[in-house]
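> For reference, the file start_19.txt (compact mmCIF, C-alpha atoms) is included below:
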# COMPACT_ATOMS: atom_id res chain seq x y z
CA MET O 250 -59.56 6.05 13.53
CA ALA O 251 -55.84 5.82 12.74
CA SER O 252 -53.86 9.02 13.24
CA ARG O 253 -52.14 10.54 10.23
CA PHE O 254 -49.00 12.62 9.91
CA THR O 255 -49.49 16.14 8.72
CA LEU O 256 -47.39 17.64 5.95
CA VAL O 257 -45.68 19.90 8.49
CA GLU O 258 -44.70 16.94 10.66
CA LEU O 259 -43.25 15.09 7.64
CA LEU O 260 -41.26 18.16 6.64
CA VAL O 261 -39.89 18.50 10.18
CA VAL O 262 -38.77 14.85 10.14
CA MET O 263 -37.06 15.32 6.76
CA VAL O 264 -35.23 18.42 7.99
CA VAL O 265 -34.03 16.58 11.11
CA LEU O 266 -32.81 13.64 9.00
CA GLY O 267 -31.00 16.03 6.68
CA ILE O 268 -29.21 17.65 9.61
CA LEU O 269 -28.19 14.27 11.03
CA MET O 270 -26.82 13.15 7.65
CA ALA O 271 -24.85 16.39 7.28
CA ILE O 272 -23.29 15.85 10.71
CA ALA O 273 -22.59 12.14 10.28
CA GLY O 274 -21.35 12.30 6.67
CA PRO O 275 -17.84 13.71 7.27
CA ALA O 276 -17.29 11.38 10.21
CA PHE O 277 -18.32 8.41 8.08
CA ASP O 278 -16.04 9.50 5.24
CA LYS O 279 -13.06 9.72 7.61
CA MET O 280 -13.87 6.31 9.05
CA THR O 281 -14.01 4.83 5.54
CA VAL O 282 -10.71 6.44 4.58
CA GLY O 283 -9.04 5.16 7.72
CA THR O 284 -10.36 1.67 7.10
CA GLY O 285 -9.05 1.63 3.50
CA VAL O 286 -5.57 2.84 4.42
CA ASP O 287 -5.39 0.49 7.40
CA ALA O 288 -6.46 -2.44 5.22
CA GLY O 289 -3.72 -1.50 2.74
CA VAL O 290 -1.18 -1.39 5.55
CA ARG O 291 -2.26 -4.85 6.72
CA ALA O 292 -1.95 -6.24 3.20
CA VAL O 293 1.58 -4.90 2.72
CA THR O 294 2.85 -5.80 6.19
CA GLY O 295 1.43 -9.30 5.75
CA GLN O 296 3.36 -9.75 2.51
CA LEU O 297 6.55 -8.36 4.04
CA ARG O 298 6.40 -10.69 7.03
CA MET O 299 5.56 -13.69 4.86
CA ALA O 300 8.48 -12.86 2.54
CA ARG O 301 10.92 -12.50 5.44
CA GLN O 302 9.87 -15.83 6.94
CA TYR O 303 10.10 -17.51 3.54
CA ALA O 304 13.61 -16.09 3.01
CA ILE O 305 14.77 -17.48 6.36
CA ALA O 306 13.08 -20.88 5.99
CA ASN O 307 14.28 -21.48 2.42
CA ARG O 308 17.65 -19.68 2.58
CA LYS O 309 16.84 -17.50 -0.40
CA TYR O 310 16.77 -13.83 -1.30
CA VAL O 311 13.13 -12.73 -1.48
CA ALA O 312 11.91 -9.50 -3.05
CA VAL O 313 8.53 -7.97 -2.28
CA VAL O 314 7.79 -6.19 -5.55
CA LEU O 315 5.61 -3.05 -5.30
CA PRO O 316 5.14 -1.84 -8.90
CA ASP O 317 5.16 1.79 -9.95
CA ASP O 318 4.08 2.98 -13.40
CA THR O 319 7.45 2.96 -15.16
CA THR O 320 7.50 -0.66 -16.33
CA PHE O 321 4.28 -2.21 -15.09
CA SER O 322 0.79 -2.02 -16.53
CA ASN O 323 -1.80 0.31 -15.03
CA ASP O 324 -3.70 -2.53 -13.35
CA THR O 325 -0.78 -3.28 -11.03
CA ALA O 326 0.90 0.13 -10.66
CA ALA O 327 0.82 1.42 -7.06
CA VAL O 328 -1.83 -1.08 -5.96
CA ALA O 329 -0.31 -4.57 -6.37
CA ILE O 330 2.16 -6.62 -4.31
CA HIS O 331 4.01 -9.83 -5.12
CA ALA O 332 6.71 -11.80 -3.33
CA CYS O 333 9.41 -13.23 -5.61
CA GLN O 334 12.39 -15.46 -4.77
CA SER O 335 15.96 -15.82 -6.01
CA ASP O 336 18.91 -18.04 -5.16
CA THR O 337 21.28 -15.06 -5.31
CA GLU O 338 20.96 -11.33 -4.77
CA THR O 339 21.28 -10.47 -8.47
CA GLY O 340 19.68 -13.55 -10.01
CA THR O 341 16.33 -14.07 -11.64
CA TYR O 342 13.41 -13.51 -9.29
CA THR O 343 10.43 -15.79 -9.76
CA PRO O 344 7.13 -15.75 -7.87
CA VAL O 345 7.13 -17.57 -4.54
CA PRO O 346 5.26 -20.87 -5.13
CA ASP O 347 1.50 -20.84 -4.58
CA THR O 348 1.35 -17.04 -4.50
CA SER O 349 -0.17 -14.48 -6.84
CA TRP O 350 -0.56 -10.73 -7.11
CA GLU O 351 -2.32 -9.27 -4.08
CA PHE O 352 -4.14 -5.95 -4.46
CA LEU O 353 -4.71 -3.13 -2.01
CA PRO O 354 -8.35 -2.18 -1.32
CA THR O 355 -9.90 0.48 -3.52
CA GLY O 356 -8.87 3.94 -2.35
CA ALA O 357 -5.44 2.98 -1.01
CA VAL O 358 -2.10 3.14 -2.88
CA VAL O 359 1.55 2.41 -2.23
CA PHE O 360 2.63 6.02 -2.53
CA GLU O 361 6.41 5.67 -2.24
CA ILE O 362 9.34 3.78 -0.74
CA THR O 363 12.07 5.89 0.85
CA GLN O 364 14.98 5.54 3.24
CA SER O 365 13.78 8.01 5.87
CA ASP O 366 10.55 8.94 7.61
CA ARG O 367 8.91 12.35 7.70
CA ALA O 368 9.10 14.96 10.40
CA GLU O 369 6.19 15.17 12.82
CA GLY O 370 3.31 17.05 11.21
CA ALA O 371 4.77 16.89 7.70
CA SER O 372 2.48 16.24 4.74
CA LEU O 373 3.04 14.08 1.67
CA PRO O 374 4.73 15.67 -1.36
CA ALA O 375 2.78 16.14 -4.57
CA SER O 376 4.61 13.21 -6.21
CA PRO O 377 6.50 10.18 -4.88
CA THR O 378 10.24 10.36 -4.15
CA ASP O 379 11.06 6.66 -4.49
CA ASN O 380 14.70 5.70 -3.94
CA CYS O 381 14.40 1.99 -3.21
CA SER O 382 14.27 0.22 -6.53
CA MET O 383 16.20 -2.67 -8.02
CA GLN O 384 16.42 -4.76 -11.16
CA VAL O 385 14.20 -7.82 -11.01
CA LYS O 386 13.32 -10.37 -13.64
CA VAL O 387 9.74 -11.54 -13.25
CA ASP O 388 7.33 -13.06 -15.76
CA VAL O 389 4.63 -10.46 -15.11
CA ASP O 390 2.56 -11.23 -18.22
CA ASP O 391 2.62 -15.04 -17.80
CA ASP O 392 4.05 -15.65 -21.27
CA GLY O 393 6.84 -17.92 -20.02
CA THR O 394 9.52 -15.25 -20.50
CA ASP O 395 11.11 -13.26 -17.71
CA ASP O 396 10.66 -9.51 -18.04
CA ASP O 397 13.63 -7.37 -16.98
CA LEU O 398 12.17 -4.64 -14.80
CA ASP O 399 13.41 -1.77 -12.70
CA ALA O 400 10.89 -2.09 -9.89
CA ARG O 401 10.25 -0.77 -6.43
CA ALA O 402 11.12 -3.63 -4.14
CA ILE O 403 12.00 -4.60 -0.58
CA VAL O 404 14.62 -7.38 -0.62
CA PHE O 405 15.23 -9.74 2.30
CA ARG O 406 18.42 -11.77 2.69
CA PRO O 407 18.37 -15.46 3.68
CA THR O 408 19.07 -14.25 7.22
CA GLY O 409 15.88 -12.18 7.30
CA ALA O 410 17.75 -8.86 7.22
CA LEU O 411 17.31 -6.34 4.41
CA ALA O 412 19.66 -6.52 1.45
CA ALA O 413 20.01 -2.74 1.85
CA SER O 414 21.88 -1.18 4.76
CA SER O 415 19.33 1.51 5.64
CA THR O 416 15.81 1.52 7.02
CA HIS O 417 13.16 1.35 4.31
CA VAL O 418 9.89 3.23 4.74
CA ILE O 419 6.77 2.37 2.72
CA THR O 420 4.02 4.98 2.66
CA ILE O 421 0.43 3.81 2.18
CA ALA O 422 -1.93 6.68 1.37
CA GLN O 423 -5.48 7.45 0.37
CA GLY O 424 -5.57 7.77 -3.40
CA TYR O 425 -5.87 6.00 -6.73
CA TYR O 426 -3.88 5.38 -9.89
CA ASP O 427 -4.79 7.17 -13.13
CA SER O 428 -1.73 7.60 -15.36
CA GLY O 429 0.10 8.36 -12.13
CA ILE O 430 -0.63 8.29 -8.42
CA GLN O 431 -3.40 10.71 -7.51
CA LEU O 432 -3.77 11.55 -3.83
CA THR O 433 -7.21 12.34 -2.49
CA GLN O 434 -6.04 13.84 0.77
CA LYS O 435 -7.55 17.26 1.36
CA THR O 436 -5.92 20.17 3.17
CA GLY O 437 -6.96 20.39 6.80
CA GLU O 438 -8.13 16.78 7.11
CA ALA O 439 -6.68 14.33 9.60
CA LYS O 440 -3.68 12.41 8.29
CA ASN O 441 -4.88 9.69 5.93
CA TRP O 442 -1.58 7.97 5.25
CA ARG O 443 0.62 5.66 7.30
CA GLU O 444 4.23 4.52 7.19
CA ILE O 445 5.66 1.00 7.39
CA HIS O 446 9.25 0.86 8.66
CA ILE O 447 11.54 -2.11 7.94
CA ASN O 448 14.66 -2.43 10.09
CA PRO O 449 17.72 -3.11 7.87
CA PHE O 450 19.50 -5.35 10.39
CA THR O 451 16.63 -7.52 11.57
CA GLY O 452 14.04 -7.11 8.81
CA ARG O 453 11.40 -6.46 11.44
CA VAL O 454 8.32 -4.57 10.30
CA LYS O 455 6.77 -1.74 12.34
CA VAL O 456 3.78 0.45 11.47
CA GLU O 457 3.76 4.11 12.49
Kindly transcribe the structure held in the file into C-alpha cells.


Amino acid sequence: MASRFTLVELLVVMVVLGILMAIAGPAFDKMTVGTGVDAGVRAVTGQLRMARQYAIANRKYVAVVLPDDTTFSNDTAAVAIHACQSDTETGTYTPVPDTSWEFLPTGAVVFEITQSDRAEGASLPASPTDNCSMQVKVDVDDDGTDDDLDARAIVFRPTGALAASSTHVITIAQGYYDSGIQLTQKTGEAKNWREIHINPFTGRVKVE
C-alpha cells in the first residue's frame, strides 16, 4: 500500500518553502539588479570603445549620443545609445554606417554624465547633474532631415582623445524613465550604480 502524506506534513513542507523563499528573495533581487546595471555598463562601454576605434580608423570626430528627455522622445531618453560621425568638430553628425540605436536592458538607465566622480560612499542625487552636452544634428526620426539637438554626448577626436579637456564620467544606475529618470535604489541597499570614466587625453574607458 502506497504511503500518503498527512495534512500536517504538507503544511510543514509549505512553511519550510516559504521560509526559504523569504531568505532567497532579497539575494535574488540584488543579483538581478547587479546583472541589469552591469549589462548596461557593458553596452555603453562597448559603444564608447567602438566609437573611439572608428574615430581613429576613419579620421573623424565621433559622438556617442546618450539622449536625455529635453529633445528626444520618451522611447530613447536615458536608455538609448547611438554613435554618430562628423568630418569636423562642429559639423553635422550622422549615424555611423551599419549602426542603429542600442538600448540598455530593462531596469538600467544612463543617469548622468559629469566631469568628476563621487566621493567614496556617496549616493546619487535625486536628479541628474549633467554638464557634458553638445549640439548635434542627427536625423532621429528618419524623415531625411537633420534635427538640431542639444544632447548628452561623448565626443572623440580623430586621434582617439576626447574633444573635451576633462575626464568624463557616465553613471549607469538602476531605474527607469517615466517623464523623467526614476531611480529605484532603496536606502540601505548595496550600491546599484556604476561609473564609467573616459580619460580626456587617451580616450581610454575604465569602469569603477

> Do a neighbour search on stretch 345-356 of chain O at 8 Å with only C-alpha atoms, toss out local chain neighbours closer than 2 positions, and write the hits as a list in words.

Val282, Gly285, Val286, Ala288, Gly289, Ala292, Thr325, Val328, Ala329, Ile330, His331, Ala332, Cys333, Gln334, Thr343, Val358, Gln423, Gly424 and Tyr425 of chain O

> One decimal, in Å: what's the spacing between atom CA of O:Arg308 and atom CA of O:His417?

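It comes out at 21.6 Å.
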
> Please, what distance in Å, to one decimal, runs between atom CA of O:Cys381 and atom CA of O:Ile362?

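A separation of 5.9 Å between them.
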
> Using all atoms listed in the file, can you tell me which of O:Ala402, O:Leu266, O:Val454, O:Val314 comes closest to O:Gln302?

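For O:Gln302, the nearest of the given residues is O:Val454.
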
> Using only C-alpha atoms for the distances, tell me which of O:Val264, O:Ile403, O:Ala357, O:Val418 is nearest to O:Arg291.

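When distances to O:Arg291 are compared using only C-alpha atoms, the smallest one comes from O:Ala357.
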
> Record the distance separating atom CA of O:Asn307 and atom CA of O:Ser414, expressed in Å with one decimal.

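So the two atoms, atom CA of O:Asn307 and atom CA of O:Ser414, lie 21.8 Å apart.
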
> Looking at only C-alpha atoms, which of O:Val456, O:Ile268, O:Ala413, O:Ala312 is the one that sits closest to O:Met299?

O:Ala312

> Calculated over only C-alpha atoms, which of the candidates O:Val265, O:Ala300, O:Ile419, O:Ile305 has the smallest distance to O:Asp366?

O:Ile419

> Closest to O:Phe450 among O:Ser428, O:Thr433, O:Thr416, O:Thr284, using all atoms listed in the file?

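Selected residue with least distance to O:Phe450: O:Thr416.
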
> I'd like the contact shell of O:Ala304 - 7 Å cut-off, only C-alpha atoms, skipping same-chain residues fewer than 3 positions apart - returned as a PDB file with C-alpha atoms, in the frame of the given file.


ATOM      1  CA  ALA O 300       8.480 -12.860   2.540  1.00  0.00           C
ATOM      2  CA  ARG O 301      10.920 -12.500   5.440  1.00  0.00           C
ATOM      3  CA  ASN O 307      14.280 -21.480   2.420  1.00  0.00           C
ATOM      4  CA  ARG O 308      17.650 -19.680   2.580  1.00  0.00           C
ATOM      5  CA  LYS O 309      16.840 -17.500  -0.400  1.00  0.00           C
ATOM      6  CA  TYR O 310      16.770 -13.830  -1.300  1.00  0.00           C
ATOM      7  CA  VAL O 311      13.130 -12.730  -1.480  1.00  0.00           C
ATOM      8  CA  PHE O 405      15.230  -9.740   2.300  1.00  0.00           C
ATOM      9  CA  ARG O 406      18.420 -11.770   2.690  1.00  0.00           C
ATOM     10  CA  PRO O 407      18.370 -15.460   3.680  1.00  0.00           C
ATOM     11  CA  GLY O 409      15.880 -12.180   7.300  1.00  0.00           C
TER      12      GLY O 409
END

> If we count all atoms listed in the file and set the cut-off at 12 Å, which residues sit around O:Asp317, ignoring sequence neighbours fewer than 4 positions away in its own chain? Please answer as a PyMOL selection string.

chain O and resi 321-330+358-362+377-382+398-402+426-430

> Which one is closest to O:Gln364: O:Lys440, O:Leu260, O:Glu457, O:Ser415? Count only C-alpha atoms.

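Checking each candidate against O:Gln364, we get O:Ser415 as the closest.
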